[in-house]
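Participant: This is the content of protein35.cif (mmCIF, C-alpha atoms and all ligand atoms):
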```cif
data_coords
#
loop_
_atom_site.label_atom_id
_atom_site.label_comp_id
_atom_site.auth_asym_id
_atom_site.auth_seq_id
_atom_site.Cartn_x
_atom_site.Cartn_y
_atom_site.Cartn_z
CA MET H 1 -32.21 -4.85 -98.66
CA TYR H 2 -33.27 -1.65 -96.89
CA THR H 3 -32.60 -2.56 -93.27
CA ASP H 4 -29.65 -1.00 -91.49
CA PRO H 5 -27.49 -3.95 -90.44
CA ARG H 6 -26.18 -1.86 -87.54
CA THR H 7 -29.54 -2.27 -85.82
CA ALA H 8 -29.87 -5.98 -86.53
CA ALA H 9 -27.46 -7.36 -83.91
CA ALA H 10 -29.13 -9.76 -81.48
CA ARG H 11 -26.22 -11.74 -80.00
CA ASP H 12 -23.42 -10.79 -77.68
CA PRO H 13 -20.21 -10.30 -79.63
CA VAL H 14 -17.89 -13.32 -79.78
CA THR H 15 -14.51 -12.40 -78.29
CA VAL H 16 -11.07 -13.98 -78.41
CA PRO H 17 -11.36 -15.34 -74.82
CA GLY H 18 -14.89 -16.41 -75.77
CA LEU H 19 -13.41 -18.92 -78.24
CA ARG H 20 -11.57 -20.64 -75.41
CA ALA H 21 -14.75 -20.60 -73.33
CA LEU H 22 -16.57 -22.39 -76.16
CA LYS H 23 -13.86 -25.04 -76.17
CA ALA H 24 -14.09 -25.41 -72.39
CA ALA H 25 -17.87 -25.80 -72.64
CA GLY H 26 -17.50 -28.40 -75.40
CA THR H 27 -19.50 -26.21 -77.79
CA PRO H 28 -18.18 -26.46 -81.35
CA ILE H 29 -17.11 -23.14 -82.92
CA VAL H 30 -18.88 -22.39 -86.21
CA ALA H 31 -16.77 -20.47 -88.70
CA LEU H 32 -17.06 -19.38 -92.33
CA THR H 33 -15.13 -17.17 -94.69
CA ALA H 34 -16.67 -13.97 -96.05
CA TYR H 35 -15.44 -11.23 -98.32
CA ASP H 36 -18.23 -8.64 -98.38
CA ALA H 37 -20.80 -6.95 -96.15
CA GLY H 38 -23.85 -8.61 -97.71
CA PHE H 39 -22.90 -12.21 -96.95
CA ALA H 40 -21.37 -11.19 -93.61
CA ALA H 41 -24.69 -9.61 -92.55
CA ALA H 42 -26.44 -12.94 -93.17
CA MET H 43 -23.93 -14.80 -90.98
CA ASP H 44 -24.74 -13.15 -87.63
CA PRO H 45 -28.44 -14.12 -87.60
CA ALA H 46 -27.46 -17.68 -88.52
CA GLY H 47 -25.26 -17.91 -85.42
CA ILE H 48 -21.84 -18.04 -87.07
CA ASP H 49 -19.23 -17.49 -84.34
CA LEU H 50 -16.18 -16.54 -86.38
CA VAL H 51 -15.85 -15.02 -89.85
CA LEU H 52 -12.54 -15.16 -91.68
CA VAL H 53 -11.52 -12.84 -94.49
CA GLY H 54 -9.36 -15.58 -95.96
CA ASP H 55 -6.68 -15.14 -98.57
CA SER H 56 -8.80 -17.76 -100.35
CA LEU H 57 -10.32 -14.58 -101.80
CA GLY H 58 -7.50 -14.73 -104.34
CA MET H 59 -9.06 -17.88 -105.75
CA VAL H 60 -12.80 -17.56 -105.10
CA VAL H 61 -13.19 -13.78 -105.62
CA GLN H 62 -10.28 -12.80 -107.87
CA GLY H 63 -10.20 -16.01 -109.94
CA ARG H 64 -6.51 -16.70 -109.44
CA SER H 65 -4.96 -20.16 -109.28
CA SER H 66 -3.41 -19.75 -105.81
CA THR H 67 -3.48 -17.43 -102.80
CA LEU H 68 0.04 -16.12 -103.44
CA PRO H 69 -0.90 -12.93 -105.37
CA VAL H 70 -3.20 -11.64 -102.59
CA THR H 71 -1.96 -8.36 -101.10
CA VAL H 72 -2.26 -6.54 -97.78
CA ASP H 73 -4.43 -3.94 -99.55
CA ASP H 74 -6.78 -6.72 -100.75
CA ILE H 75 -7.25 -8.13 -97.25
CA ALA H 76 -7.62 -4.67 -95.68
CA TYR H 77 -10.29 -3.72 -98.25
CA HIS H 78 -12.33 -6.92 -97.81
CA THR H 79 -11.92 -6.81 -94.01
CA ALA H 80 -13.42 -3.31 -93.96
CA CYS H 81 -16.31 -4.50 -96.19
CA VAL H 82 -17.05 -7.52 -93.97
CA ALA H 83 -16.74 -5.45 -90.78
CA ARG H 84 -19.60 -3.21 -91.98
CA GLY H 85 -21.89 -6.24 -92.19
CA LEU H 86 -20.92 -8.04 -88.98
CA HIS H 87 -21.83 -7.22 -85.40
CA ALA H 88 -21.51 -10.35 -83.30
CA ALA H 89 -19.17 -12.85 -84.95
CA LEU H 90 -15.44 -12.48 -84.32
CA LEU H 91 -13.82 -11.10 -87.48
CA VAL H 92 -10.45 -12.61 -88.40
CA ALA H 93 -8.20 -11.30 -91.19
CA ASP H 94 -5.73 -13.51 -93.00
CA MET H 95 -2.10 -12.41 -93.29
CA PRO H 96 -1.35 -12.72 -97.02
CA PHE H 97 1.79 -14.27 -98.51
CA GLN H 98 5.00 -12.66 -97.12
CA SER H 99 3.11 -10.06 -95.08
CA ASP H 100 4.26 -12.10 -92.05
CA ALA H 101 7.82 -12.73 -93.30
CA ASP H 102 9.28 -10.82 -90.34
CA PRO H 103 7.86 -9.40 -87.12
CA ALA H 104 7.92 -5.71 -88.09
CA THR H 105 6.29 -6.26 -91.50
CA ALA H 106 3.67 -8.47 -89.85
CA LEU H 107 2.87 -5.88 -87.19
CA HIS H 108 2.39 -3.22 -89.87
CA ALA H 109 -0.05 -5.38 -91.86
CA ALA H 110 -1.87 -6.71 -88.79
CA THR H 111 -2.38 -3.17 -87.47
CA ARG H 112 -4.08 -2.24 -90.74
CA PHE H 113 -6.38 -5.25 -90.42
CA LEU H 114 -7.33 -4.47 -86.81
CA GLN H 115 -7.95 -0.85 -87.79
CA ALA H 116 -10.20 -2.13 -90.62
CA GLY H 117 -12.31 -3.98 -88.03
CA ALA H 118 -10.68 -7.38 -87.47
CA GLY H 119 -10.44 -8.77 -83.93
CA MET H 120 -7.71 -11.28 -84.72
CA VAL H 121 -5.31 -12.17 -87.55
CA LYS H 122 -4.50 -15.60 -88.91
CA LEU H 123 -1.11 -16.69 -90.20
CA GLU H 124 0.25 -19.90 -91.68
CA GLY H 125 3.11 -22.00 -90.33
CA ALA H 126 5.30 -22.51 -87.27
CA GLY H 127 9.14 -22.43 -87.32
CA PHE H 128 10.27 -18.80 -87.56
CA LYS H 129 6.60 -17.76 -87.48
CA ARG H 130 6.66 -18.43 -83.72
CA GLU H 131 8.69 -15.25 -83.32
CA VAL H 132 6.19 -13.37 -85.50
CA ILE H 133 3.29 -14.69 -83.40
CA ARG H 134 5.03 -13.67 -80.18
CA HIS H 135 5.79 -10.20 -81.56
CA LEU H 136 2.15 -9.65 -82.53
CA VAL H 137 0.66 -11.05 -79.34
CA ASP H 138 3.03 -8.96 -77.16
CA ARG H 139 1.72 -5.91 -79.03
CA GLU H 140 -1.97 -6.73 -78.46
CA VAL H 141 -2.69 -8.42 -81.79
CA PRO H 142 -4.52 -11.72 -81.18
CA VAL H 143 -3.32 -14.46 -83.51
CA CYS H 144 -4.89 -17.61 -84.92
CA ALA H 145 -2.25 -20.01 -86.25
CA HIS H 146 -2.80 -22.28 -89.28
CA LEU H 147 -1.08 -25.68 -89.72
CA GLY H 148 -1.44 -28.81 -91.82
CA LEU H 149 -2.09 -27.90 -95.43
CA THR H 150 -0.92 -24.29 -95.59
CA PRO H 151 -1.90 -23.04 -99.08
CA GLN H 152 0.86 -20.40 -99.13
CA SER H 153 3.33 -23.34 -99.19
CA VAL H 154 1.86 -24.69 -102.43
CA LEU H 155 5.09 -24.30 -104.41
CA ARG H 156 7.15 -26.25 -101.85
CA LEU H 157 4.41 -28.86 -101.35
CA GLY H 158 3.81 -29.25 -105.11
CA GLY H 159 0.02 -29.13 -104.71
CA TYR H 160 -2.79 -29.16 -102.19
CA ARG H 161 -2.42 -32.46 -100.35
CA VAL H 162 -3.34 -33.97 -97.00
CA GLN H 163 -0.55 -33.35 -94.48
CA GLY H 164 0.64 -35.35 -91.45
CA LYS H 165 0.00 -38.81 -92.85
CA ALA H 166 3.44 -40.33 -92.22
CA ALA H 167 4.51 -40.83 -88.60
CA ALA H 168 7.34 -38.27 -88.77
CA ALA H 169 5.09 -35.63 -90.36
CA ALA H 170 2.40 -36.29 -87.75
CA GLN H 171 4.94 -35.85 -84.95
CA ARG H 172 6.17 -32.57 -86.49
CA LEU H 173 2.58 -31.33 -86.67
CA ARG H 174 2.00 -32.19 -82.99
CA GLU H 175 5.17 -30.30 -82.04
CA ASP H 176 4.28 -27.31 -84.23
CA ALA H 177 0.80 -27.13 -82.69
CA LEU H 178 2.27 -26.97 -79.19
CA ALA H 179 4.87 -24.44 -80.37
CA VAL H 180 2.34 -21.97 -81.81
CA GLN H 181 0.25 -22.27 -78.65
CA GLU H 182 3.37 -21.61 -76.58
CA ALA H 183 4.16 -18.58 -78.81
CA GLY H 184 0.79 -17.09 -77.83
CA ALA H 185 -1.69 -18.10 -80.53
CA SER H 186 -5.31 -17.98 -79.33
CA ALA H 187 -6.65 -20.54 -81.82
CA LEU H 188 -5.37 -22.92 -84.47
CA VAL H 189 -6.78 -23.78 -87.88
CA LEU H 190 -5.96 -27.36 -88.89
CA GLU H 191 -6.39 -27.90 -92.63
CA CYS H 192 -6.45 -31.29 -94.37
CA VAL H 193 -4.93 -33.52 -91.72
CA PRO H 194 -6.02 -37.04 -90.75
CA ALA H 195 -8.98 -36.90 -88.38
CA ALA H 196 -7.28 -39.03 -85.73
CA LEU H 197 -4.27 -36.72 -85.61
CA ALA H 198 -6.46 -33.60 -85.43
CA ALA H 199 -8.42 -35.21 -82.57
CA GLU H 200 -5.17 -35.87 -80.66
CA ILE H 201 -3.92 -32.32 -81.17
CA SER H 202 -7.29 -30.85 -80.18
CA ALA H 203 -7.29 -32.87 -76.96
CA GLU H 204 -3.72 -31.84 -76.13
CA LEU H 205 -4.04 -28.09 -76.74
CA ALA H 206 -5.66 -25.58 -74.38
CA ILE H 207 -6.51 -23.31 -77.33
CA PRO H 208 -9.35 -24.25 -79.68
CA THR H 209 -8.66 -25.96 -82.99
CA ILE H 210 -10.83 -25.11 -85.99
CA GLY H 211 -10.79 -27.81 -88.63
CA ILE H 212 -11.23 -27.82 -92.38
CA GLY H 213 -10.83 -31.34 -93.66
CA ALA H 214 -9.60 -32.35 -90.20
CA GLY H 215 -12.48 -34.36 -88.77
CA VAL H 216 -15.29 -33.87 -86.33
CA ASP H 217 -13.17 -33.86 -83.16
CA CYS H 218 -11.71 -30.41 -83.74
CA ASP H 219 -13.13 -27.72 -81.44
CA GLY H 220 -14.78 -26.01 -84.40
CA GLN H 221 -15.22 -26.17 -88.15
CA ILE H 222 -14.64 -23.68 -90.94
CA LEU H 223 -15.60 -23.78 -94.62
CA VAL H 224 -14.93 -21.42 -97.49
CA LEU H 225 -18.19 -19.59 -98.29
CA HIS H 226 -18.16 -20.54 -101.97
CA ASP H 227 -17.67 -24.23 -101.13
CA LEU H 228 -20.59 -24.17 -98.70
CA LEU H 229 -22.76 -22.62 -101.44
CA GLY H 230 -21.77 -25.28 -103.96
CA LEU H 231 -19.84 -22.80 -106.12
CA GLY H 232 -16.52 -24.67 -106.09
CA GLN H 233 -14.91 -25.22 -109.46
CA GLY H 234 -13.10 -28.34 -110.64
CA ARG H 235 -12.64 -31.39 -108.42
CA ARG H 236 -14.50 -30.95 -105.13
CA PRO H 237 -12.29 -31.61 -102.09
CA ARG H 238 -13.56 -34.43 -99.90
CA PHE H 239 -14.26 -32.15 -96.92
CA VAL H 240 -16.65 -29.86 -98.81
CA LYS H 241 -20.42 -30.09 -98.46
CA ASP H 242 -22.97 -28.07 -100.43
CA PHE H 243 -25.19 -26.71 -97.64
CA LEU H 244 -27.20 -24.57 -100.09
CA ALA H 245 -28.63 -27.78 -101.52
CA GLU H 246 -29.68 -28.77 -97.98
CA GLY H 247 -30.74 -25.35 -96.66
CA GLY H 248 -32.61 -24.11 -99.74
CA SER H 249 -31.49 -20.46 -99.37
CA VAL H 250 -28.35 -18.61 -98.30
CA HIS H 251 -29.71 -18.09 -94.79
CA GLY H 252 -30.89 -21.72 -94.73
CA ALA H 253 -27.43 -22.87 -95.78
CA PHE H 254 -25.71 -20.90 -93.02
CA THR H 255 -28.20 -22.15 -90.43
CA ALA H 256 -27.93 -25.76 -91.62
CA PHE H 257 -24.13 -25.54 -91.42
CA ALA H 258 -24.23 -24.03 -87.91
CA GLU H 259 -26.66 -26.70 -86.69
CA ALA H 260 -24.67 -29.54 -88.26
CA VAL H 261 -21.40 -28.33 -86.73
CA ARG H 262 -22.89 -27.79 -83.25
CA ALA H 263 -24.53 -31.24 -83.34
CA ARG H 264 -21.21 -32.73 -84.56
CA ARG H 265 -23.01 -34.09 -87.62
CA PHE H 266 -20.55 -32.25 -89.89
CA PRO H 267 -18.01 -33.29 -91.00
CA GLY H 268 -19.27 -36.84 -91.45
CA PRO H 269 -17.06 -39.88 -92.08
CA GLU H 270 -17.32 -39.23 -95.83
CA HIS H 271 -15.65 -35.81 -95.40
CA VAL H 272 -12.52 -36.87 -93.50
CA TYR H 273 -9.07 -38.23 -94.27
O1 LIG T 301 -7.99 -18.48 -96.72
C1 LIG T 301 -8.87 -19.19 -96.21
O2 LIG T 301 -10.04 -19.15 -96.58
C2 LIG T 301 -8.46 -20.11 -95.17
C3 LIG T 301 -9.45 -21.16 -94.76
C4 LIG T 301 -9.41 -22.28 -95.73
C5 LIG T 301 -9.23 -21.63 -93.38
O3 LIG T 301 -7.38 -20.05 -94.70
#
```
Rewrite the structure of this file - the entire thing - as structure tokens.
Facilitator:
Amino acid sequence: MYTDPRTAAARDPVTVPGLRALKAAGTPIVALTAYDAGFAAAMDPAGIDLVLVGDSLGMVVQGRSSTLPVTVDDIAYHTACVARGLHAALLVADMPFQSDADPATALHAATRFLQAGAGMVKLEGAGFKREVIRHLVDREVPVCAHLGLTPQSVLRLGGYRVQGKAAAAAQRLREDALAVQEAGASALVLECVPAALAAEISAELAIPTIGIGAGVDCDGQILVLHDLLGLGQGRRPRFVKDFLAEGGSVHGAFTAFAEAVRARRFPGPEHVY
């Protein structure tokens, strides 16, 4: 690979307001995780809109059994790597476990991520996190919220399970979604929630929802890079599809994913709860 990725950009950069414009236009947002410059550089030409440096890196890159050990230094390092490969997609950095435990700590970590090249940060939960979101947004840090299955809650939840199935849990999720929007979030990841509930929330919110295991009626879809490439270990979650098998190459896999999301062919009925 001897081309300079800095000369390879062909699309206008995707911005935070641009995400809302995609929702308004009814154009699904295509999102993937990435952890290094090489894969990130292949995402722009495939038309990926948003790239997340997820704390999933703890599991898929570091080989740990949860996301809890991931540090601010880890996310800052991988964000800087990805930023060197990306020129058009919006780069989002995940706030690792306890880096968002209070507003001041969160601002310190988020500032590092923006200085490493991110255009937005993502954080899990509602409740007291609404104050954290407000604090960041008031200080010019765009925030993507994350509800449903929040992997940093794995100890309380006792595992990685679909959320919002019972009526009371579904109602709490609807209220939390409105609350994070009201706190200033610019987007919302919905992970592992029943498709009908995700559709309702997506219709009710002004900000875009980005689903993972949340059905085709979200305003966009995200997958973990390793899952999309068929590298998942152990039992494959229902929402995962191996796009490398379909696309035949890494670039083909990214393109096939982008096309399937934009045509609302992915996720199919077999991928939803
Ligand atoms: O960490 C991550 O990769 C995520 C996605 C699953 C949305 O949060």
Participant: Could you work out how far atom CA of H:Leu229 lies from atom CA of H:Pro208, giving the answer in Å with one decimal?
Facilitator: 25.6 Å
Participant: Hey, which residues sit close to ligand LIG 301 (chain T)? Say within 10 Å, counting all atoms listed in the file, and write them as number ranges by chain.
Facilitator: H: 31-35, 51-60, 67, 93-96, 122-124, 145-147, 149-152, 188-192, 210-213, 221-226
Participant: Find the residue from H:Leu157, H:Leu91, H:Ala260, H:Ala179 that sits nearest to H:Lys129; use all atoms listed in the file when measuring.
Facilitator: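 Of H:Leu157, H:Leu91, H:Ala260, H:Ala179, the one nearest H:Lys129, counting all atoms listed in the file, is H:Ala179.
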Participant: Quick one: everything within 7 Å of H:Arg262, counting all atoms listed in the file, minus sequence neighbours fewer than 3 positions away in the same chain. Send it as a list in words.
Facilitator: Thr27, Pro28, Ala258 and Glu259 of chain H
Participant: Determine, counting all atoms listed in the file, which protein, DNA and RNA residues have an atom within 9 Å of an atom of H:Ala101; residues of the same chain fewer than 5 positions away are not included. Present the result as number ranges by chain.
Facilitator: H: 106, 128-129, 132
Participant: Work out how far atom CA of H:Arg174 is from atom CA of H:Gln98, in Å to one decimal.
Facilitator: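 For atom CA of H:Gln98 relative to atom CA of H:Arg174, the distance reads 24.3 Å.
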Participant: Quote the spacing between atom CA of H:Cys81 and atom CA of H:Phe113 in Å to one decimal place.
Facilitator: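 Atom-to-atom, atom CA of H:Cys81 and atom CA of H:Phe113 are spaced 11.5 Å apart.
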Participant: Between H:Leu228, H:Leu136, H:Ala187, H:Ala168, which has the minimum distance to H:Val16 (counting all atoms listed in the file)?
Facilitator: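 So, comparing all the options, the nearest one is H:Ala187.
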Participant: I need every residue sitting at most 8 Å from the point (5.1, -17.9, -80.2) (coordinates as in the file, all atoms listed in the file considered), written as a PyMOL selection string.
Facilitator: chain H and resi 129-135+179-185
Participant: Compute the distance from (-25.6, -30.9, -98.8) to each atom, counting all atoms listed in the file, keep the residues with any atom at most 10 Å away, and return them as a list of chain:residue names; use the coordinates of the file.
Facilitator: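 With a cut-off of 10 Å, the residues come to H:Leu228, H:Leu229, H:Gly230, H:Val240, H:Lys241, H:Asp242, H:Phe243, H:Leu244, H:Ala245, H:Glu246, H:Gly247, H:Gly248, H:Ala253, H:Ala256, H:Phe257.
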Participant: Leaving out H:Leu86 and any residue of its chain fewer than 2 positions from it, which residues lie within 9 Å of it when counting only C-alpha atoms, given as a PyMOL selection string?
Facilitator: chain H and resi 5-6+9+37+40-44+51+82-84+88-91
Participant: From the options H:Cys218, H:Gly117, H:Val14, H:Val70, which residue's atoms come nearest to H:Ser99, counting all atoms listed in the file?
Facilitator: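 Closest residue, counting all atoms listed in the file: H:Val70.
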Participant: Nearest residue to H:Leu231 out of H:Ala214, H:Val30, H:Val61, H:Leu107, using only C-alpha atoms?
Facilitator: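 When distances to H:Leu231 are compared using only C-alpha atoms, the smallest one comes from H:Val61.
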Participant: Centre and edge lengths of an axis-aligned box around all listed atoms of stretch 34-42 of chain H, with 8 Å added on each side, are to be given in Å to one decimal, as JSON.
Facilitator:
```
{"center_x": -20.9, "center_y": -10.5, "center_z": -95.5, "size_x": 27.0, "size_y": 23.0, "size_z": 21.8}
```
Participant: Between H:Ala195, H:Ala206, H:Ala167, H:Ile201, which has the minimum distance to H:His271 (counting all atoms listed in the file)?
Facilitator: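 Among the listed residues, the smallest separation from H:His271 belongs to H:Ala195.
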Participant: From the set H:Thr105, H:Thr209, H:Gln115, H:Ser186, which residue has the shortest atom-to-atom contact distance to H:Tyr77, counting only C-alpha atoms?
Facilitator: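 Smallest separation from H:Tyr77 among the options: H:Gln115.
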Participant: Generate the missing atoms of stretch 144-159 of chain H up to N, CA, C and O atoms and report them as a short mmCIF file (atom, residue, chain, number, x, y, z; two decimals), in the coordinates of the input.
Facilitator:
```cif
data_model
loop_
_atom_site.label_atom_id
_atom_site.label_comp_id
_atom_site.auth_asym_id
_atom_site.auth_seq_id
_atom_site.Cartn_x
_atom_site.Cartn_y
_atom_site.Cartn_z
N CYS H 144 -4.46 -16.23 -84.66
CA CYS H 144 -4.89 -17.61 -84.92
C CYS H 144 -3.82 -18.22 -85.82
O CYS H 144 -3.50 -17.66 -86.88
N ALA H 145 -3.25 -19.33 -85.42
CA ALA H 145 -2.25 -20.01 -86.25
C ALA H 145 -2.96 -20.92 -87.25
O ALA H 145 -4.18 -21.15 -87.15
N HIS H 146 -2.21 -21.43 -88.21
CA HIS H 146 -2.80 -22.28 -89.28
C HIS H 146 -1.74 -23.31 -89.67
O HIS H 146 -0.65 -22.93 -90.13
N LEU H 147 -2.04 -24.59 -89.43
CA LEU H 147 -1.08 -25.68 -89.72
C LEU H 147 -1.76 -26.77 -90.53
O LEU H 147 -2.97 -26.78 -90.72
N GLY H 148 -0.94 -27.73 -90.96
CA GLY H 148 -1.44 -28.81 -91.82
C GLY H 148 -1.18 -28.39 -93.25
O GLY H 148 -0.06 -27.99 -93.60
N LEU H 149 -2.22 -28.44 -94.08
CA LEU H 149 -2.09 -27.90 -95.43
C LEU H 149 -2.12 -26.38 -95.34
O LEU H 149 -3.15 -25.80 -94.99
N THR H 150 -1.00 -25.75 -95.61
CA THR H 150 -0.92 -24.29 -95.59
C THR H 150 -0.79 -23.84 -97.05
O THR H 150 0.26 -24.02 -97.68
N PRO H 151 -1.87 -23.30 -97.63
CA PRO H 151 -1.90 -23.04 -99.08
C PRO H 151 -0.78 -22.11 -99.57
O PRO H 151 -0.41 -22.17 -100.74
N GLN H 152 -0.24 -21.26 -98.68
CA GLN H 152 0.86 -20.40 -99.13
C GLN H 152 2.15 -21.20 -99.36
O GLN H 152 3.12 -20.67 -99.90
N SER H 153 2.16 -22.48 -98.95
CA SER H 153 3.33 -23.34 -99.19
C SER H 153 3.16 -24.18 -100.44
O SER H 153 3.87 -25.17 -100.64
N VAL H 154 2.21 -23.82 -101.31
CA VAL H 154 1.86 -24.69 -102.43
C VAL H 154 3.05 -25.00 -103.34
O VAL H 154 3.17 -26.11 -103.87
N LEU H 155 3.96 -24.06 -103.49
CA LEU H 155 5.09 -24.30 -104.41
C LEU H 155 6.02 -25.36 -103.82
O LEU H 155 6.47 -26.28 -104.51
N ARG H 156 6.29 -25.24 -102.51
CA ARG H 156 7.15 -26.25 -101.85
C ARG H 156 6.44 -27.60 -101.80
O ARG H 156 7.07 -28.64 -102.03
N LEU H 157 5.15 -27.59 -101.50
CA LEU H 157 4.41 -28.86 -101.35
C LEU H 157 4.11 -29.51 -102.71
O LEU H 157 3.87 -30.71 -102.77
N GLY H 158 4.10 -28.71 -103.77
CA GLY H 158 3.81 -29.25 -105.11
C GLY H 158 2.34 -29.52 -105.34
O GLY H 158 1.99 -30.24 -106.27
N GLY H 159 1.47 -28.95 -104.52
CA GLY H 159 0.02 -29.13 -104.71
C GLY H 159 -0.68 -29.06 -103.36
O GLY H 159 -0.04 -28.83 -102.32
#
```
